[in-house]
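Asks: Attaching a single structure in structure tokens format; questions to follow.
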Amino acid sequence: MILTVEKPRIDSQIAGVFRDEAEDYLSDNRVDCAVDLSNVRFMDSTGLSSLVSLLKFIGPDRKLELCGLTPQVTKALKLTRLDDIFVTRANVREAELAREARAAMS
Amino acid sequence: MILTVEKPRIDSQIAGVFRDEAEDYLSDNRVDCAVDLSNVRFMDSTGLSSLVSLLKFIGPDRKLELCGLTPQVTKALKLTRLDDIFVTRANVREAELAREARAAMS
Amino acid sequence: MNDMSQDARFSILSSFENVANLAEDVSVLCGNRAEIDEDTADMLRLCLAEALNNIVEHAYQGAEGKPIFADVQFMRDRFEVHLIDEGQPMPQGQVPSGDADYDLDDFENLPEGGFGWMLIRSQMDMIEYERRDGCNVLRLGKELEA
Amino acid sequence: MNDMSQDARFSILSSFENVANLAEDVSVLCGNRAEIDEDTADMLRLCLAEALNNIVEHAYQGAEGKPIFADVQFMRDRFEVHLIDEGQPMPQGQVPSGDADYDLDDFENLPEGGFGWMLIRSQMDMIEYERRDGCNVLRLGKELEA
Ligand SMILES: Nc1ncnc2c1ncn2[C@@H]1O[C@H](COP(=O)(O)OP(=O)(O)O)[C@@H](O)[C@H]1O
Ligand SMILES: Nc1ncnc2c1ncn2[C@@H]1O[C@H](COP(=O)(O)OP(=O)(O)O)[C@@H](O)[C@H]1O
């Protein structure tokens, strides 16, 4: 399923709420997840932390992917080397195609 | 004839040169003149002074009109009440039509 | 604007280029912080440029490299910019009148100067001049819409 | 940039909102004055926001209304921003390492913090910390391309 972040920023004012809501959803629904960040123009260190928390939370048995990264978000992930940890997709459509491909394979 | 100001600003760095060049031209050519200000985004008090100097220089027997005023120039003229002294035209075309109309009348 | 406690002080050395930059920096800052619209910020830049050009031209009589300070203070319902220099005082110890009620019909005697102060007076809600410790202190204030 | 002598000092009171505004004001000023491109100005804003958030969170432990100063100095080939507060000192009297060479394969032990300093270190060319007269002084510097 796709988790779309509506806010234009994930910073200290919102990162905690975002993580808690996402974790609630992911404990109720044991599914793979793609986080749609196409609305997010600005992410700071607390935003990055919340994504890492989510990745640990979802664990190795499920997929957490990021899609729709804007330039600043791409840069922040790269500078902290987190771009090596997260699977990223160009947009929601690509994330869905990847999920369908995985479903067809299993 | 139309005198087009190419620069985007008439401020203290350029107002003197502008006035001198215009006065040179107007002493050599005893014609009416429309100053095309459509490129000028910013005019300060020295720019206003240079226009008043020109108006005095050309004297009562010839016309000096302004055309193509941008918002900031319009506002600066209005705040100093100089909009009551200068005849203004929307653009170069309007200034030319006005000149033709005057020629037809005389 | 959200908090009464955001101040800034700019220090530059006199030159026409530096004062043009300063006028831009201060008006951009006020535009961001006080949420004034672009037109108002443009006119603020113009007023600051006029007042700062006067400092270079008249207070420092064109000399470069002399200190100029701009203090910017944001309050809930207005902001103030204080311009400070160590140059010659204002004539008669006060701000030139710069009223815009000159005679429009008296063609020969149209003013060719004084437009700077007309512009400043038309835009600012407070203009106060003081000579203090050998410095000129010009305080310009603007009210913000509620 | 044209002149070596343009400095600015900002004074604010601690709060997450005020430091976000300050990070924006300073990066806009540097963007104007030092002619850095928009991307660089964005990253500068991010770094300043990180360093200033740390001051509110760690130096002042969340307390609002405490003084924070930002001094900005423009030089021909670089600029510096000095952040000054009166709060708790840095642990071990030095800037946290924040190196980005953590173990990518050690899933369980991925860092969930420390990204702030990684970002600051990746962007700034100079980072110096000093405890002076009961204040934290953090000096961040960036070289400008010729
Ligand atoms: N120390 C000073 N600081 C600022 N202005 C000064 C100072 N000394 C004199 N002035 C006055 O400022 C006036 C400039 O007014 P302004 O409206 O800008 O017109 P102008 O077009 O003549 O520059 C001059 O008349 C000058 O006398
Ligand atoms: N006085 C201080 N000023 C700035 N930073 C401080 C101060 N005291 C402690 N710190 C440190 O700054 C670090 C914050 O680093 P940062 O990379 O932003 O990660 P975090 O995501 O944990 O905020 C903390 O480890 C904290 O120890």
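To be explicit about the labels: the chains of the structure tokens are called A, B, and onward in the order shown, and within each one the residues are counted from 1, while ligands get numbers from 1 in the order they are shown.
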Residues contacting ligand 1 - anything with an atom at most 7 Å away, using only C-alpha atoms and all ligand atoms - can you give me those as a ChimeraX atom specification?

Replies: /B:45-46,49 /C:50-51,54-55,58-59,87-91,96,98,113-118,136

Asks: Find the spatial neighbours of segment 71-74 of chain C, counting only C-alpha atoms, within a cut-off of 8 Å - ignore same-chain residues fewer than 3 positions away - and output them as a PDB file with N, CA and C atoms, in the first residue's frame.

Replies:
```pdb
ATOM      1  N   MET C   4       8.053  38.778  19.172  1.00  0.00           N
ATOM      2  CA  MET C   4       8.492  40.143  19.243  1.00  0.00           C
ATOM      3  C   MET C   4      10.004  40.252  19.249  1.00  0.00           C
ATOM      4  N   SER C   5      10.685  39.156  19.336  1.00  0.00           N
ATOM      5  CA  SER C   5      12.081  39.231  19.692  1.00  0.00           C
ATOM      6  C   SER C   5      12.996  38.736  18.592  1.00  0.00           C
ATOM      7  N   GLN C   6      12.969  39.440  17.471  1.00  0.00           N
ATOM      8  CA  GLN C   6      13.917  39.122  16.429  1.00  0.00           C
ATOM      9  C   GLN C   6      14.526  40.421  15.958  1.00  0.00           C
ATOM     10  N   ASP C   7      15.781  40.615  16.275  1.00  0.00           N
ATOM     11  CA  ASP C   7      16.459  41.838  15.883  1.00  0.00           C
ATOM     12  C   ASP C   7      17.624  41.490  14.977  1.00  0.00           C
ATOM     13  N   ALA C   8      18.017  42.465  14.183  1.00  0.00           N
ATOM     14  CA  ALA C   8      19.205  42.263  13.359  1.00  0.00           C
ATOM     15  C   ALA C   8      19.958  43.574  13.264  1.00  0.00           C
ATOM     16  N   ARG C   9      21.274  43.481  13.244  1.00  0.00           N
ATOM     17  CA  ARG C   9      22.106  44.672  13.055  1.00  0.00           C
ATOM     18  C   ARG C   9      23.065  44.401  11.904  1.00  0.00           C
ATOM     19  N   PHE C  10      23.056  45.297  10.920  1.00  0.00           N
ATOM     20  CA  PHE C  10      23.967  45.193   9.787  1.00  0.00           C
ATOM     21  C   PHE C  10      25.024  46.276   9.917  1.00  0.00           C
ATOM     22  N   VAL C  26      17.995  44.492   3.810  1.00  0.00           N
ATOM     23  CA  VAL C  26      17.050  44.840   4.868  1.00  0.00           C
ATOM     24  C   VAL C  26      15.612  44.690   4.364  1.00  0.00           C
ATOM     25  N   ARG C  33      10.105  38.497   7.196  1.00  0.00           N
ATOM     26  CA  ARG C  33       9.779  38.401   8.609  1.00  0.00           C
ATOM     27  C   ARG C  33       8.456  39.070   8.925  1.00  0.00           C
ATOM     28  N   ALA C  34       8.190  40.191   8.273  1.00  0.00           N
ATOM     29  CA  ALA C  34       6.992  40.954   8.618  1.00  0.00           C
ATOM     30  C   ALA C  34       5.850  40.655   7.652  1.00  0.00           C
ATOM     31  N   ARG C  78       4.521  46.388  14.169  1.00  0.00           N
ATOM     32  CA  ARG C  78       5.308  47.285  13.338  1.00  0.00           C
ATOM     33  C   ARG C  78       6.761  46.864  13.335  1.00  0.00           C
ATOM     34  N   PHE C  79       7.537  47.472  12.456  1.00  0.00           N
ATOM     35  CA  PHE C  79       8.987  47.273  12.545  1.00  0.00           C
ATOM     36  C   PHE C  79       9.676  48.617  12.383  1.00  0.00           C
ATOM     37  N   GLU C  80      10.901  48.662  12.882  1.00  0.00           N
ATOM     38  CA  GLU C  80      11.686  49.889  12.784  1.00  0.00           C
ATOM     39  C   GLU C  80      13.056  49.572  12.203  1.00  0.00           C
ATOM     40  N   VAL C  81      13.573  50.501  11.414  1.00  0.00           N
ATOM     41  CA  VAL C  81      14.945  50.427  10.937  1.00  0.00           C
ATOM     42  C   VAL C  81      15.645  51.696  11.420  1.00  0.00           C
ATOM     43  N   HIS C  82      16.727  51.518  12.154  1.00  0.00           N
ATOM     44  CA  HIS C  82      17.504  52.664  12.622  1.00  0.00           C
ATOM     45  C   HIS C  82      18.798  52.725  11.827  1.00  0.00           C
ATOM     46  N   LEU C  83      19.034  53.856  11.188  1.00  0.00           N
ATOM     47  CA  LEU C  83      20.269  54.033  10.417  1.00  0.00           C
ATOM     48  C   LEU C  83      21.208  54.949  11.196  1.00  0.00           C
TER      49      LEU C  83
END
```

Asks: Give the helix (DSSP H, G or I) residues of chain C, as DSSP finds them on the backbone, and put them as a PyMOL selection string.

Replies: chain C and resi 16-33+38-59+91-93+107-109+115-123

Asks: Would you please work out which residue, of D:Leu119, D:Ala63, D:Ile68, D:Asp37, is nearest to ligand 2 when using only C-alpha atoms and all ligand atoms?

Replies: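 Among the listed residues, the smallest separation from ligand 2 belongs to D:Leu119.
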
Asks: Hey, list the chain A side of the contact with chain D: 10 Å cut-off, only C-alpha atoms, answer as a PyMOL selection string.

Replies: chain A and resi 11-13+42-53+55-56+59-60+71-72+75-82+84-85

Asks: Take the residues just selected and output them with N, CA and C atoms as an mmCIF file, in the first residue's frame.

Replies:
```cif
data_model
loop_
_atom_site.group_PDB
_atom_site.id
_atom_site.type_symbol
_atom_site.label_atom_id
_atom_site.label_comp_id
_atom_site.auth_asym_id
_atom_site.auth_seq_id
_atom_site.Cartn_x
_atom_site.Cartn_y
_atom_site.Cartn_z
ATOM 1 N N ASP A 11 9.962 17.893 9.297
ATOM 2 C CA ASP A 11 10.980 18.429 10.186
ATOM 3 C C ASP A 11 10.587 18.155 11.626
ATOM 4 N N SER A 12 11.311 18.768 12.564
ATOM 5 C CA SER A 12 11.118 18.420 13.968
ATOM 6 C C SER A 12 9.675 18.637 14.450
ATOM 7 N N GLN A 13 8.954 19.524 13.778
ATOM 8 C CA GLN A 13 7.577 19.783 14.207
ATOM 9 C C GLN A 13 6.632 18.640 13.838
ATOM 10 N N PHE A 42 11.088 19.576 1.788
ATOM 11 C CA PHE A 42 12.151 19.807 2.764
ATOM 12 C C PHE A 42 12.127 18.734 3.843
ATOM 13 N N MET A 43 13.272 18.079 4.050
ATOM 14 C CA MET A 43 13.389 17.087 5.113
ATOM 15 C C MET A 43 14.653 17.364 5.900
ATOM 16 N N ASP A 44 14.550 17.394 7.232
ATOM 17 C CA ASP A 44 15.753 17.611 8.029
ATOM 18 C C ASP A 44 16.147 16.309 8.725
ATOM 19 N N SER A 45 17.071 16.387 9.679
ATOM 20 C CA SER A 45 17.614 15.175 10.301
ATOM 21 C C SER A 45 16.542 14.386 11.043
ATOM 22 N N THR A 46 15.568 15.070 11.623
ATOM 23 C CA THR A 46 14.525 14.316 12.335
ATOM 24 C C THR A 46 13.632 13.574 11.341
ATOM 25 N N GLY A 47 13.462 14.146 10.153
ATOM 26 C CA GLY A 47 12.740 13.436 9.094
ATOM 27 C C GLY A 47 13.477 12.169 8.679
ATOM 28 N N LEU A 48 14.790 12.291 8.498
ATOM 29 C CA LEU A 48 15.605 11.122 8.148
ATOM 30 C C LEU A 48 15.513 10.068 9.251
ATOM 31 N N SER A 49 15.608 10.520 10.516
ATOM 32 C CA SER A 49 15.500 9.583 11.639
ATOM 33 C C SER A 49 14.175 8.824 11.603
ATOM 34 N N SER A 50 13.097 9.528 11.290
ATOM 35 C CA SER A 50 11.788 8.870 11.304
ATOM 36 C C SER A 50 11.708 7.799 10.222
ATOM 37 N N LEU A 51 12.358 8.048 9.078
ATOM 38 C CA LEU A 51 12.359 7.022 8.020
ATOM 39 C C LEU A 51 13.151 5.795 8.453
ATOM 40 N N VAL A 52 14.301 6.011 9.109
ATOM 41 C CA VAL A 52 15.098 4.874 9.594
ATOM 42 C C VAL A 52 14.316 4.093 10.650
ATOM 43 N N SER A 53 13.648 4.802 11.558
ATOM 44 C CA SER A 53 12.810 4.119 12.561
ATOM 45 C C SER A 53 11.782 3.228 11.890
ATOM 46 N N LEU A 55 11.868 1.923 8.930
ATOM 47 C CA LEU A 55 12.522 0.785 8.264
ATOM 48 C C LEU A 55 12.826 -0.312 9.271
ATOM 49 N N LYS A 56 13.322 0.072 10.436
ATOM 50 C CA LYS A 56 13.586 -0.922 11.490
ATOM 51 C C LYS A 56 12.274 -1.526 11.978
ATOM 52 N N GLY A 59 10.819 -4.171 9.729
ATOM 53 C CA GLY A 59 11.617 -5.401 9.826
ATOM 54 C C GLY A 59 12.008 -5.984 8.489
ATOM 55 N N PRO A 60 12.795 -7.047 8.501
ATOM 56 C CA PRO A 60 13.350 -7.601 7.260
ATOM 57 C C PRO A 60 12.333 -8.363 6.411
ATOM 58 N N PRO A 71 14.307 17.081 -5.073
ATOM 59 C CA PRO A 71 15.774 17.248 -5.039
ATOM 60 C C PRO A 71 16.370 17.370 -3.637
ATOM 61 N N GLN A 72 15.734 18.149 -2.781
ATOM 62 C CA GLN A 72 16.338 18.341 -1.454
ATOM 63 C C GLN A 72 16.341 17.041 -0.670
ATOM 64 N N LYS A 75 19.029 14.778 -1.921
ATOM 65 C CA LYS A 75 20.344 15.241 -1.461
ATOM 66 C C LYS A 75 20.587 14.872 0.003
ATOM 67 N N ALA A 76 19.570 15.070 0.857
ATOM 68 C CA ALA A 76 19.724 14.755 2.285
ATOM 69 C C ALA A 76 19.988 13.261 2.476
ATOM 70 N N LEU A 77 19.310 12.405 1.709
ATOM 71 C CA LEU A 77 19.537 10.959 1.807
ATOM 72 C C LEU A 77 20.948 10.601 1.356
ATOM 73 N N LYS A 78 21.380 11.260 0.299
ATOM 74 C CA LYS A 78 22.703 10.953 -0.245
ATOM 75 C C LYS A 78 23.817 11.356 0.726
ATOM 76 N N LEU A 79 23.693 12.553 1.287
ATOM 77 C CA LEU A 79 24.752 13.073 2.157
ATOM 78 C C LEU A 79 24.896 12.248 3.436
ATOM 79 N N THR A 80 23.840 11.579 3.852
ATOM 80 C CA THR A 80 23.900 10.741 5.049
ATOM 81 C C THR A 80 24.056 9.266 4.670
ATOM 82 N N ARG A 81 24.276 9.008 3.389
ATOM 83 C CA ARG A 81 24.444 7.658 2.829
ATOM 84 C C ARG A 81 23.197 6.781 2.991
ATOM 85 N N LEU A 82 22.097 7.329 3.414
ATOM 86 C CA LEU A 82 20.879 6.539 3.558
ATOM 87 C C LEU A 82 20.324 6.117 2.200
ATOM 88 N N ASP A 84 21.818 4.391 0.244
ATOM 89 C CA ASP A 84 22.252 3.008 0.055
ATOM 90 C C ASP A 84 21.374 2.015 0.815
ATOM 91 N N ILE A 85 20.593 2.516 1.734
ATOM 92 C CA ILE A 85 19.782 1.632 2.578
ATOM 93 C C ILE A 85 18.351 1.523 2.064
#
```
